[in-house]
Structures are given as C-alpha cells and as structure tokens.
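Novice: This is structure.txt, which holds compact mmCIF, C-alpha atoms:
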# COMPACT_ATOMS: atom_id res chain seq x y z
CA MET A 167 22.60 -16.31 -1.50
CA ARG A 168 21.05 -14.35 1.32
CA PHE A 169 19.39 -10.99 0.85
CA GLU A 170 20.05 -8.74 3.79
CA LEU A 171 16.76 -6.93 3.97
CA THR A 172 14.96 -6.29 7.24
CA TYR A 173 11.20 -6.01 7.69
CA THR A 174 11.82 -2.32 8.45
CA GLN A 175 13.58 -1.76 5.11
CA ILE A 176 10.92 -3.60 3.08
CA THR A 177 8.12 -1.54 4.65
CA VAL A 178 9.88 1.67 3.57
CA TYR A 179 10.21 0.39 -0.01
CA ALA A 180 6.62 -0.88 -0.05
CA LEU A 181 5.35 2.49 1.20
CA ILE A 182 7.27 4.41 -1.47
CA ILE A 183 6.17 2.04 -4.26
CA THR A 184 2.54 2.22 -3.13
CA ILE A 185 2.47 6.01 -2.98
CA PHE A 186 4.09 6.11 -6.44
CA PHE A 187 1.46 3.62 -7.68
CA ASP A 188 -1.38 5.74 -6.30
CA MET A 189 -0.02 9.04 -7.64
CA PHE A 190 1.36 8.09 -11.04
CA VAL A 191 -0.03 4.70 -12.08
CA THR A 192 -3.68 4.87 -11.06
CA ARG A 193 -3.46 8.68 -10.75
CA ASN A 194 -5.94 8.76 -7.91
CA SER A 195 -3.86 10.64 -5.33
CA LEU A 196 -6.04 9.09 -2.66
CA LEU A 197 -3.71 10.49 -0.01
CA SER A 198 -5.15 13.94 -0.67
CA THR A 199 -8.76 12.84 -0.30
CA LEU A 200 -11.05 13.02 2.71
CA ARG A 201 -12.62 9.63 1.92
CA PHE A 202 -9.27 7.84 2.20
CA TRP A 203 -8.35 9.32 5.57
CA ILE A 204 -11.80 8.77 7.06
CA SER A 205 -11.65 5.15 5.86
CA TYR A 206 -8.15 4.71 7.24
CA SER A 207 -9.14 6.18 10.60
CA ILE A 208 -11.89 3.55 10.79
CA ILE A 209 -9.60 0.72 9.71
CA LEU A 210 -6.66 1.61 11.98
CA PRO A 211 -8.36 0.78 15.32
CA PHE A 212 -9.43 -2.56 13.87
CA GLN A 213 -5.86 -3.22 12.79
CA LEU A 214 -4.64 -2.42 16.30
CA VAL A 215 -7.14 -4.87 17.81
CA THR A 216 -6.32 -7.68 15.37
CA ASN A 217 -2.57 -7.00 15.72
CA TRP A 218 -2.92 -7.19 19.47
CA TRP A 219 -4.77 -10.50 19.18
CA LEU A 220 -2.12 -12.02 16.89
CA THR A 221 0.87 -10.80 18.89
CA SER A 222 -0.30 -11.02 22.52
CA ARG A 223 -1.27 -14.66 21.97
CA GLU A 224 1.97 -15.14 20.04
CA ILE A 225 0.10 -16.49 17.05
CA VAL A 226 2.60 -14.47 15.03
CA THR A 227 6.06 -13.74 16.39
CA TYR A 228 8.72 -11.45 14.96
CA ASN A 229 12.44 -11.89 14.73
CA PRO A 230 13.95 -9.05 16.83
CA ASP A 231 16.77 -8.73 14.28
CA SER A 232 14.39 -7.84 11.46
CA ILE A 233 12.46 -5.04 13.19
CA MET A 234 13.45 -1.74 14.77
CA GLY A 235 11.76 -2.64 18.04
CA LEU A 236 9.08 0.00 18.40
CA ARG A 237 5.83 -1.81 19.23
CA ILE A 238 2.28 -0.51 19.07
CA ALA A 239 -0.54 -2.62 20.56
CA GLY A 240 1.92 -5.49 20.81
CA ALA A 241 2.88 -5.51 17.13
CA PRO A 242 5.93 -4.01 15.45
CA PHE A 243 5.42 -0.47 14.16
CA GLU A 244 6.35 -1.87 10.74
CA ASP A 245 3.01 -3.72 10.70
CA LEU A 246 1.15 -0.41 10.57
CA ILE A 247 3.13 0.66 7.50
CA PHE A 248 2.54 -2.77 5.95
CA GLY A 249 -1.21 -2.41 6.51
CA PHE A 250 -1.26 1.19 5.32
CA ALA A 251 0.52 0.26 2.07
CA MET A 252 -1.73 -2.72 1.40
CA ILE A 253 -4.92 -0.76 2.02
CA LEU A 254 -3.80 2.22 -0.06
CA ALA A 255 -2.77 -0.05 -2.96
CA VAL A 256 -6.04 -1.99 -3.00
CA MET A 257 -8.21 1.12 -2.68
CA SER A 258 -6.25 2.85 -5.42
CA ALA A 259 -6.58 -0.12 -7.78
CA TRP A 260 -10.31 -0.34 -6.99
CA GLU A 261 -10.95 3.34 -7.71
CA LYS A 262 -9.00 3.09 -10.96
CA LEU A 263 -11.24 0.19 -12.04
CA LEU A 264 -14.34 2.19 -11.11
CA LYS A 265 -13.08 5.10 -13.26
CA ILE A 266 -12.47 2.80 -16.22
CA LYS A 267 -15.94 1.32 -15.84
CA THR A 268 -17.75 4.65 -15.61
CA PRO A 269 -15.82 7.25 -17.62
CA LYS A 270 -16.90 10.84 -17.09
CA MET B 72 0.07 -37.12 14.10
CA SER B 73 -3.47 -36.14 13.12
CA GLN B 74 -5.22 -35.89 16.44
CA GLY B 75 -7.94 -33.55 15.27
CA LEU B 76 -8.09 -29.84 15.91
CA ALA B 77 -8.19 -28.22 19.32
CA LEU B 78 -9.99 -24.93 19.93
CA GLU B 79 -6.57 -23.27 20.01
CA ASN B 80 -5.97 -24.20 16.38
CA TRP B 81 -8.68 -21.73 15.34
CA SER B 82 -6.96 -18.71 16.97
CA TYR B 83 -5.75 -17.04 13.76
CA LEU B 84 -8.89 -17.94 11.81
CA ALA B 85 -11.04 -16.44 14.59
CA MET B 86 -9.44 -13.06 13.94
CA LEU B 87 -10.28 -13.33 10.24
CA LEU B 88 -13.88 -14.26 11.04
CA PHE B 89 -14.03 -11.19 13.29
CA VAL B 90 -13.07 -9.02 10.31
CA VAL B 91 -15.64 -10.73 8.07
CA ALA B 92 -18.33 -10.21 10.73
CA GLY B 93 -17.37 -6.56 11.06
CA SER B 94 -17.39 -5.76 7.36
CA TRP B 95 -19.78 -7.81 5.17
CA TRP B 96 -22.94 -6.03 6.37
CA LEU B 97 -21.65 -2.66 5.12
CA GLU B 98 -22.61 -3.85 1.62
CA PHE B 99 -26.27 -3.87 2.63
CA ALA B 100 -26.37 -1.16 5.29
CA PHE B 101 -24.98 1.44 2.85
CA LYS B 102 -26.33 -0.16 -0.34
CA ILE B 103 -22.85 -0.25 -1.82
CA LYS B 104 -21.73 -2.64 -4.52
CA VAL B 105 -18.51 -4.39 -3.63
CA LEU B 106 -19.56 -7.96 -2.82
CA ARG B 107 -22.08 -7.79 -5.63
CA ARG B 108 -19.31 -6.97 -8.10
CA PRO B 109 -17.04 -9.88 -7.22
CA ARG B 110 -15.11 -9.80 -10.50
CA LEU B 111 -14.28 -6.11 -10.12
CA ALA B 112 -13.34 -6.59 -6.46
CA LEU B 113 -11.08 -9.52 -7.29
CA THR B 114 -9.46 -7.59 -10.14
CA ALA B 115 -8.47 -4.91 -7.64
CA ILE B 116 -7.44 -7.29 -4.86
CA VAL B 117 -5.59 -10.15 -6.58
CA PRO B 118 -2.72 -8.21 -8.24
CA VAL B 119 -2.02 -6.30 -5.03
CA SER B 120 -2.29 -9.44 -2.89
CA ILE B 121 0.19 -11.27 -5.12
CA PHE B 122 2.81 -8.63 -4.31
CA PHE B 123 2.09 -8.90 -0.60
CA LEU B 124 2.13 -12.71 -0.74
CA ILE B 125 5.56 -12.56 -2.37
CA TRP B 126 6.58 -10.34 0.52
CA ASP B 127 5.04 -12.83 2.97
CA ALA B 128 6.88 -15.75 1.34
CA PHE B 129 10.16 -13.81 1.52
CA ALA B 130 9.57 -12.81 5.16
CA ILE B 131 8.78 -16.41 6.14
CA ASN B 132 11.83 -17.63 4.25
CA GLN B 133 14.05 -15.00 5.92
CA ASN B 134 12.52 -15.67 9.32
CA HIS B 135 11.22 -12.12 9.71
CA TRP B 136 8.10 -13.58 11.25
CA ASP B 137 6.86 -16.97 12.30
CA PHE B 138 3.52 -18.59 13.10
CA ASP B 139 2.58 -20.76 16.07
CA ASP B 140 1.49 -24.11 14.62
CA ASN B 141 -0.59 -24.80 17.75
CA GLN B 142 -2.81 -21.81 16.94
CA MET B 143 -3.23 -22.45 13.24
CA LEU B 144 -5.17 -25.00 11.25
CA GLY B 145 -1.94 -26.48 9.99
CA ILE B 146 -2.81 -26.19 6.29
CA TYR B 147 -0.05 -24.78 4.13
CA GLY B 148 -0.15 -23.51 0.57
CA PRO B 149 2.71 -22.78 -1.81
CA PHE B 150 5.91 -21.20 -0.39
CA SER B 151 5.15 -22.45 3.14
CA ILE B 152 2.48 -19.79 3.52
CA PRO B 153 -0.28 -20.92 5.92
CA LEU B 154 -3.89 -21.00 4.69
CA GLU B 155 -4.80 -18.25 7.16
CA GLU B 156 -2.32 -15.90 5.48
CA TYR B 157 -3.78 -16.55 2.04
CA LEU B 158 -7.22 -15.77 3.48
CA PHE B 159 -5.79 -12.65 5.21
CA PHE B 160 -4.75 -11.19 1.85
CA PHE B 161 -8.28 -11.63 0.57
CA ILE B 162 -10.40 -10.75 3.61
CA ILE B 163 -8.52 -7.64 4.79
CA PRO B 164 -8.45 -5.91 1.36
CA LEU B 165 -12.13 -6.74 0.88
CA ALA B 166 -12.96 -5.22 4.27
CA ALA B 167 -10.96 -2.13 3.25
CA LEU B 168 -12.95 -1.74 0.02
CA LEU B 169 -16.24 -2.16 1.91
CA THR B 170 -15.10 0.54 4.35
CA LEU B 171 -14.07 2.91 1.56
CA GLU B 172 -17.37 2.51 -0.30
CA GLY B 173 -19.31 2.88 2.96
CA VAL B 174 -17.48 6.13 3.69
CA LYS B 175 -18.10 7.40 0.14
CA SER B 176 -21.79 6.64 0.51
CA LEU B 177 -21.88 8.54 3.82
CA LEU B 178 -20.01 11.52 2.39
CA GLN B 179 -22.47 11.74 -0.49
CA LYS B 180 -25.38 11.75 1.94
CA VAL B 181 -23.77 14.58 3.91
CA LYS B 182 -23.23 16.61 0.73
CA ARG B 183 -26.89 16.52 -0.24
Mind converting the file's structure to structure tokens?
Specialist:
Amino acid sequence: MRFELTYTQITVYALIITIFFDMFVTRNSLLSTLRFWISYSIILPFQLVTNWWLTSREIVTYNPDSIMGLRIAGAPFEDLIFGFAMILAVMSAWEKLLKIKTPK
Amino acid sequence: MSQGLALENWSYLAMLLFVVAGSWWLEFAFKIKVLRRPRLALTAIVPVSIFFLIWDAFAINQNHWDFDDNQMLGIYGPFSIPLEEYLFFFIIPLAALLTLEGVKSLLQKVKR
C-alpha cells in the first residue's frame, strides 16, 4: 500500500496540529507572544544558513514530485514550515512543563 | 568497503556542530537553566522529536528526501534514518529552547 502524501501536504497537517497543540493542549498560545516571535526571528536566519549548507552541497536532496517547487536559500519552502512547526511544538511543550513545575 | 572517513563524510555533522557552537553558551551568558535541567529539557524534546522522526522515516521511505552517503558518516539507526538526523532532532530543539530562554531573560531585563 502506498500513501499518496507529498511533503507539501504533510507540512500543512503538521502546522495545523502544532498550532492546535499550542493553543488547546498546552494552552500557551505562544503565537501571540513577543518572546516567541523574537526567538523565531533569531532562529530563522540560522535555519536559512543551515538549509543552504545542506542543499547547496546536496547533502540532502528533495524529490521534485513531493514539493511544490518554491525554494528559499536553496531549500524547499516546506522546510521552513517544518522547522516552524518543530520549534513551536518544542517551545510549547517546554513552557507547559515550566508552568507545571512552578504553579502560580 | 571500510576505507575510513574522508573529510567530506563530516559535511552534515559539521552543520550540527555549528548549531551547537552557536547555542550552548547562551546557557551561561544569560544565566538560563536549560542544559542544567536536562531531564526537563528531554521531557519537552523527546515526545516532539518522536513525531518528527516518524515523519522523517515516512519521508525517507516515500523518497521525499534523500541523503548523500558521501557526505554522511554512514551510520544508520532504526527505519533507515541516518545518525545525523537523530542528532538533528535533539540539537535543533535544544538550540531553540536555549534561544527562547535567552530571549525571555533579555525581555525581563528590559522590563526592569
């Protein structure tokens, strides 16, 4: 059996699940905080540099059939969504743990 | 076929070391406690990373992306995921947490 799911489609699902996780599971709503967006604006340039390294040297290559084709700093646009979702999920889980540890 | 590793084989790992070099010192520069609370950090990272590793395994299986063996160490873990990828899903989230805590520490200083 073969699942017909492209990288593009999975990133959309991952983004939706992560935002749901942040809003309703950990209830942090990090997306409405200054600290998240400042952190992300620091992380993003680093992601662009590391993406460029991995793709320009062809350390990682992408199947053209699984991506929409828009590339930023050498890497598929999908990679930025992938990174955004992963970072949001980890930060949200972390802040939830901090809240549990030090209840107000 | 083991002819030792060429410099090229470290290409992916070099990028991970770059991220480690760029992030670990935040712990001490901003007096934050991420690395010094390893259990808490791992509790946040591991469940999330498992989901992304499942994604990675699926993407490798479906040929969404592929790795150049000449630029990797050639060590593979479960589900044909290269060692560098396993490290990626530990090092990048950790760097993100260090960044977040660093920013929070800065914002608190600005508030005062």
Novice: To one decimal in Å, tell me the separation between CA of Phe186 (chain A) and CA of Ile247 (chain A).
Specialist: 15.0 Å
Novice: Residues of region 208-232 of chain A that have any atom at most 9 Å from an atom of region 83-98 of chain B: could you tabulate them with the shortest-distance atom pair and the distance in Å to one decimal, using all atoms listed in the file, ordered by chain and increasing number, as JSON lines?
Specialist:
{"residue": "A:Phe212", "atom": "CA", "partner": "B:Val90", "partner_atom": "CA", "distance": 8.2}
{"residue": "A:Thr216", "atom": "CA", "partner": "B:Met86", "partner_atom": "CA", "distance": 6.4}
{"residue": "A:Trp219", "atom": "CA", "partner": "B:Met86", "partner_atom": "CA", "distance": 7.5}
{"residue": "A:Leu220", "atom": "CA", "partner": "B:Tyr83", "partner_atom": "CA", "distance": 6.9}
{"residue": "A:Ile225", "atom": "CA", "partner": "B:Tyr83", "partner_atom": "CA", "distance": 6.7}
{"residue": "A:Val226", "atom": "CA", "partner": "B:Tyr83", "partner_atom": "CA", "distance": 8.8}
Novice: Within 10 Å of chain B, which residues of chain A show up when using all atoms listed in the file, listed as a ChimeraX atom specification?
Specialist: /A:168-174,176-177,180,184,200-206,208-209,212-213,215-217,219-220,223-233,248-249,251-264,267
Novice: For Trp218 (chain A), work out the shell of residues within 8 Å, counting all atoms listed in the file and skipping chain neighbours fewer than 6 positions away, then give it as a list of chain:residue names.
Specialist: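 Listed by chain and then number, they are A:Ala239, A:Gly240, A:Ala241.
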Novice: Using C-alpha atoms, can you export the residues from the last selection as a PDB file, in the frame of the given file?
Specialist:
ATOM      1  CA  ALA A 239      -0.540  -2.620  20.560  1.00  0.00           C
ATOM      2  CA  GLY A 240       1.920  -5.490  20.810  1.00  0.00           C
ATOM      3  CA  ALA A 241       2.880  -5.510  17.130  1.00  0.00           C
TER       4      ALA A 241
END
Novice: Go through A:Thr268, A:Ser198, A:Arg237, A:Tyr179 and flag the residue nearest Ser222 (chain A), using only C-alpha atoms for the distances.
Specialist: A:Arg237
Novice: CA of Ser151 (chain B) to CA of Thr221 (chain A): how many Å, to one decimal?
Specialist: 20.1 Å
Novice: Could you tell me how far CA of Glu156 (chain B) sits from CA of Ile121 (chain B), in Å to one decimal place?
Specialist: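 Interatomic distance here is 11.8 Å.
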